[in-house]
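Undergrad: Here you go, this is run.cif (mmCIF, C-alpha atoms).
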```
data_run
loop_
_atom_site.label_atom_id
_atom_site.label_comp_id
_atom_site.auth_asym_id
_atom_site.auth_seq_id
_atom_site.Cartn_x
_atom_site.Cartn_y
_atom_site.Cartn_z
CA MET A 13 -66.96 -33.20 35.40
CA ASP A 14 -66.14 -29.65 34.38
CA LYS A 15 -63.99 -28.75 31.36
CA GLN A 16 -60.98 -27.85 33.50
CA GLU A 17 -60.96 -31.30 35.12
CA ILE A 18 -61.31 -32.98 31.73
CA LEU A 19 -58.39 -30.93 30.41
CA HIS A 20 -56.16 -31.92 33.33
CA LYS A 21 -57.07 -35.60 33.09
CA GLU A 22 -56.53 -35.64 29.35
CA ILE A 23 -53.14 -33.92 29.47
CA ASP A 24 -52.08 -36.32 32.24
CA LEU A 25 -52.91 -39.25 29.96
CA ILE A 26 -51.00 -37.71 27.06
CA GLN A 27 -48.02 -36.91 29.30
CA SER A 28 -47.85 -40.54 30.40
CA CYS A 29 -47.74 -41.60 26.73
CA ILE A 30 -44.93 -39.08 26.08
CA LYS A 31 -43.01 -40.40 29.09
CA ARG A 32 -43.45 -43.98 27.90
CA MET A 33 -42.13 -43.16 24.42
CA ALA A 34 -39.13 -41.30 25.89
CA SER A 35 -38.45 -44.23 28.23
CA ASN A 36 -38.62 -46.71 25.36
CA SER A 37 -36.17 -44.59 23.37
CA PHE A 38 -33.78 -44.45 26.32
CA LEU A 39 -34.02 -48.22 26.84
CA ILE A 40 -33.30 -48.91 23.17
CA LYS A 41 -30.12 -46.84 23.40
CA GLY A 42 -29.08 -48.75 26.51
CA TRP A 43 -29.71 -52.09 24.81
CA THR A 44 -27.63 -51.00 21.82
CA VAL A 45 -24.63 -50.05 23.95
CA SER A 46 -24.99 -53.20 26.06
CA LEU A 47 -25.28 -55.47 23.04
CA ILE A 48 -22.18 -54.06 21.38
CA ALA A 49 -20.15 -54.16 24.59
CA VAL A 50 -21.20 -57.69 25.56
CA VAL A 51 -20.65 -59.18 22.10
CA LEU A 52 -17.24 -57.56 21.73
CA ALA A 53 -16.19 -58.55 25.25
CA LEU A 54 -17.29 -62.18 24.95
CA THR A 55 -15.94 -62.81 21.46
CA LYS A 56 -12.70 -60.84 21.35
CA ASP A 57 -10.51 -63.74 20.13
CA LYS A 58 -12.97 -66.54 19.45
CA VAL A 59 -14.84 -65.52 16.30
CA ASP A 60 -14.04 -63.84 13.00
CA PHE A 61 -14.58 -60.06 12.98
CA LEU A 62 -16.51 -60.33 9.70
CA PHE A 63 -19.08 -62.61 11.32
CA ILE A 64 -19.29 -60.48 14.49
CA SER A 65 -19.69 -57.28 12.45
CA ILE A 66 -22.52 -58.75 10.40
CA VAL A 67 -24.21 -60.12 13.54
CA LEU A 68 -23.93 -56.75 15.31
CA LEU A 69 -24.99 -54.63 12.33
CA ILE A 70 -28.42 -56.22 12.07
CA PRO A 71 -29.61 -55.40 15.63
CA VAL A 72 -27.95 -51.96 15.56
CA LEU A 73 -29.94 -51.06 12.43
CA GLY A 74 -33.08 -52.57 14.00
CA PHE A 75 -32.60 -50.57 17.20
CA TRP A 76 -31.98 -47.44 15.11
CA TYR A 77 -35.33 -47.95 13.39
CA LEU A 78 -37.14 -48.66 16.69
CA ASP A 79 -35.64 -45.57 18.31
CA THR A 80 -36.79 -43.53 15.30
CA PHE A 81 -40.30 -44.96 15.68
CA PHE A 82 -40.46 -44.10 19.39
CA LEU A 83 -39.12 -40.57 18.85
CA ARG A 84 -41.56 -39.89 16.01
CA THR A 85 -44.47 -41.21 18.08
CA GLU A 86 -43.35 -39.02 20.99
CA LYS A 87 -43.37 -35.98 18.68
CA MET A 88 -46.90 -36.86 17.55
CA TYR A 89 -48.03 -37.06 21.19
CA ARG A 90 -46.43 -33.67 21.81
CA MET A 91 -48.48 -32.24 18.92
CA MET A 92 -51.59 -33.86 20.44
CA TYR A 93 -50.73 -32.30 23.81
CA LYS A 94 -50.39 -28.88 22.17
CA TRP A 95 -53.73 -29.30 20.39
CA VAL A 96 -55.51 -30.32 23.61
CA ILE A 97 -54.07 -27.36 25.55
CA GLU A 98 -55.15 -24.94 22.82
CA ASN A 99 -58.60 -26.39 22.06
CA ARG A 100 -60.03 -28.47 24.89
CA LEU A 101 -61.77 -25.69 26.80
CA SER A 102 -63.63 -24.59 23.68
CA SER A 103 -64.26 -27.97 22.03
CA GLU A 104 -65.18 -31.54 22.91
CA GLU A 105 -63.77 -32.87 19.63
CA ARG A 106 -61.35 -35.81 19.98
CA MET A 107 -61.95 -36.06 23.72
CA TYR A 108 -59.69 -38.66 25.36
CA GLU A 109 -58.47 -39.82 21.97
CA LEU A 110 -54.92 -41.16 22.41
CA ASN A 111 -54.19 -42.27 18.85
CA PRO A 112 -51.35 -39.99 17.67
CA GLN A 113 -51.64 -40.94 13.99
CA ARG A 114 -53.79 -37.87 13.30
CA TYR A 115 -50.67 -35.72 13.81
CA LYS A 116 -48.44 -37.70 11.43
CA ALA A 117 -48.33 -34.92 8.84
CA GLU A 118 -47.32 -32.33 11.44
CA VAL A 119 -44.05 -34.03 12.48
CA ASN A 120 -40.93 -34.87 10.50
CA SER A 121 -40.85 -38.08 8.50
CA SER A 122 -39.19 -41.19 9.89
CA ILE A 123 -36.23 -40.68 7.55
CA LYS A 124 -35.64 -37.11 8.78
CA ILE A 125 -35.83 -38.25 12.40
CA MET A 126 -33.63 -41.28 11.70
CA PHE A 127 -30.91 -39.03 10.30
CA SER A 128 -31.27 -36.25 12.86
CA VAL A 129 -27.98 -35.19 14.45
CA THR A 130 -28.37 -37.15 17.68
CA LEU A 131 -29.49 -40.42 16.11
CA ARG A 132 -27.02 -40.09 13.25
CA ILE A 133 -24.16 -39.83 15.74
CA PHE A 134 -25.42 -42.48 18.18
CA TYR A 135 -26.26 -45.17 15.61
CA GLY A 136 -24.40 -43.91 12.54
CA ILE A 137 -20.90 -44.15 13.99
CA PRO A 138 -21.20 -47.80 15.15
CA SER A 139 -22.95 -48.69 11.89
CA LEU A 140 -20.20 -47.10 9.81
CA VAL A 141 -17.51 -48.85 11.84
CA LEU A 142 -19.25 -52.20 11.40
CA ILE A 143 -19.80 -51.62 7.66
CA THR A 144 -16.16 -50.58 7.26
CA ILE A 145 -15.00 -53.77 9.01
CA ILE A 146 -17.28 -55.86 6.79
CA ILE A 147 -15.98 -54.18 3.61
CA PHE A 148 -12.31 -54.47 4.60
CA LYS A 149 -12.72 -58.10 5.66
CA LEU A 150 -14.41 -58.92 2.34
CA ILE A 151 -11.83 -57.05 0.25
CA LEU A 152 -8.71 -57.99 2.25
CA PRO A 153 -9.37 -61.36 3.85
CA CYS A 154 -6.63 -62.19 6.35
#
```
Would you mind writing the file out in structure tokens?

TA:
Amino acid sequence: MDKQEILHKEIDLIQSCIKRMASNSFLIKGWTVSLIAVVLALTKDKVDFLFISIVLLIPVLGFWYLDTFFLRTEKMYRMMYKWVIENRLSSEERMYELNPQRYKAEVNSSIKIMFSVTLRIFYGIPSLVLITIIIFKLILPC
């Protein structure tokens, strides 16, 4: 196998990992929207809003963390892709290595990604609404 073929095969493998991380992130967002919609639709008059808000807040925060994990891992794979494109023809180091942890220091921390504009809006708004409902229901029980 010549170096050009190795390069193409390796970047194909990395691209499939990037696609998988992006797909996982997209699915997590879909599950979040579906969960909120289904719970609110099925329990509109049957259960206390305090209970529903607490029940919804836990998976929303969990999905927020998972989405952050997938986005950060995708960014690490993108750094790996960049490294392979720049170095593969001149080096056989790290050949076919698909562990992205080596690029951890080169991407933003999980906290920075978690509070990036897009994730802050997508998960932050529902979380704030749920937290506000919890606080008001605890302070002003009706």

Undergrad: Would you work out the distance separating CA of Val119 in chain A from CA of Lys87 in chain A, expressed in Å to one decimal?

TA: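 It comes out at 6.5 Å.
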
Undergrad: Here's a test: counting all atoms listed in the file, identify every protein, DNA and RNA residue with an atom at most 10 Å from (-42.6, -41.4, 24.2) in the file's coordinate frame, and state them as a list in words.

TA: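 All residues meeting the 10 Å criterion around (-42.6, -41.4, 24.2) are Ile26, Gln27, Ser28, Cys29, Ile30, Lys31, Arg32, Met33, Ala34, Ser35, Asn36, Ser37, Phe38, Phe81, Phe82, Leu83, Arg84, Thr85, Glu86, Lys87, Met88, Tyr89 and Arg90 of chain A.
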
Undergrad: Rank A:Leu19, A:Ile40, A:Val50, A:Met91 by their smallest atom-to-atom distance to Glu104 in chain A, using all atoms listed in the file, and report the top residue only.

TA: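 The answer is A:Leu19, which sits nearest to Glu104 in chain A.
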
Undergrad: Restricting the calculation to only C-alpha atoms: of A:Trp76, A:Phe61, A:Tyr115, A:Trp43, which residue gets closest to Phe134 in chain A?

TA: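 Of A:Trp76, A:Phe61, A:Tyr115, A:Trp43, the one nearest Phe134 in chain A, counting only C-alpha atoms, is A:Trp76.
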
Undergrad: Could you list, as number ranges by chain, every residue matched by the PyMOL selection byres ((chain A and resi 22) around 10) in this structure?

TA: A: 16-21, 23-27, 93, 96-97, 100, 107-110

Undergrad: Just write the chosen residues, C-alpha atoms, as an mmCIF file, in the frame of the given file.

TA:
```cif
data_model
loop_
_atom_site.group_PDB
_atom_site.id
_atom_site.type_symbol
_atom_site.label_atom_id
_atom_site.label_comp_id
_atom_site.auth_asym_id
_atom_site.auth_seq_id
_atom_site.Cartn_x
_atom_site.Cartn_y
_atom_site.Cartn_z
ATOM 1 C CA GLN A 16 -60.980 -27.850 33.500
ATOM 2 C CA GLU A 17 -60.960 -31.300 35.120
ATOM 3 C CA ILE A 18 -61.310 -32.980 31.730
ATOM 4 C CA LEU A 19 -58.390 -30.930 30.410
ATOM 5 C CA HIS A 20 -56.160 -31.920 33.330
ATOM 6 C CA LYS A 21 -57.070 -35.600 33.090
ATOM 7 C CA ILE A 23 -53.140 -33.920 29.470
ATOM 8 C CA ASP A 24 -52.080 -36.320 32.240
ATOM 9 C CA LEU A 25 -52.910 -39.250 29.960
ATOM 10 C CA ILE A 26 -51.000 -37.710 27.060
ATOM 11 C CA GLN A 27 -48.020 -36.910 29.300
ATOM 12 C CA TYR A 93 -50.730 -32.300 23.810
ATOM 13 C CA VAL A 96 -55.510 -30.320 23.610
ATOM 14 C CA ILE A 97 -54.070 -27.360 25.550
ATOM 15 C CA ARG A 100 -60.030 -28.470 24.890
ATOM 16 C CA MET A 107 -61.950 -36.060 23.720
ATOM 17 C CA TYR A 108 -59.690 -38.660 25.360
ATOM 18 C CA GLU A 109 -58.470 -39.820 21.970
ATOM 19 C CA LEU A 110 -54.920 -41.160 22.410
#
```

Undergrad: Assuming the chain letters and numbering stay as they are in my file, what does the PyMOL selection byres ((chain A and resi 145) around 12) actually select? List them as a ChimeraX atom specification.

TA: /A:60-66,68-69,138-144,146-153

Undergrad: Using all atoms listed in the file, pick whichever of A:Leu47, A:Met92, A:Ile133, A:Met126 has the shortest atom-to-atom distance to Pro71 in chain A.

TA: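 Closest candidate: A:Leu47.
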
Undergrad: Have a look at A:Leu78, A:Leu101, A:Val72, A:Ala117 and name the one nearest to Ile137 in chain A; count all atoms listed in the file.

TA: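 Of all the options, A:Val72 lies closest to Ile137 in chain A.
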
Undergrad: Choose the residue, out of A:Gln113, A:Lys58, A:Val67, A:Tyr77, that has the smallest atom-to-atom separation from Gly136 in chain A; count only C-alpha atoms.

TA: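 Selected residue with least distance to Gly136 in chain A: A:Tyr77.
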
Undergrad: Between CA of Thr130 in chain A and CA of Gly42 in chain A, what is the distance in Å, rounded to a tenth?

TA: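 These two atoms are separated by 14.6 Å.
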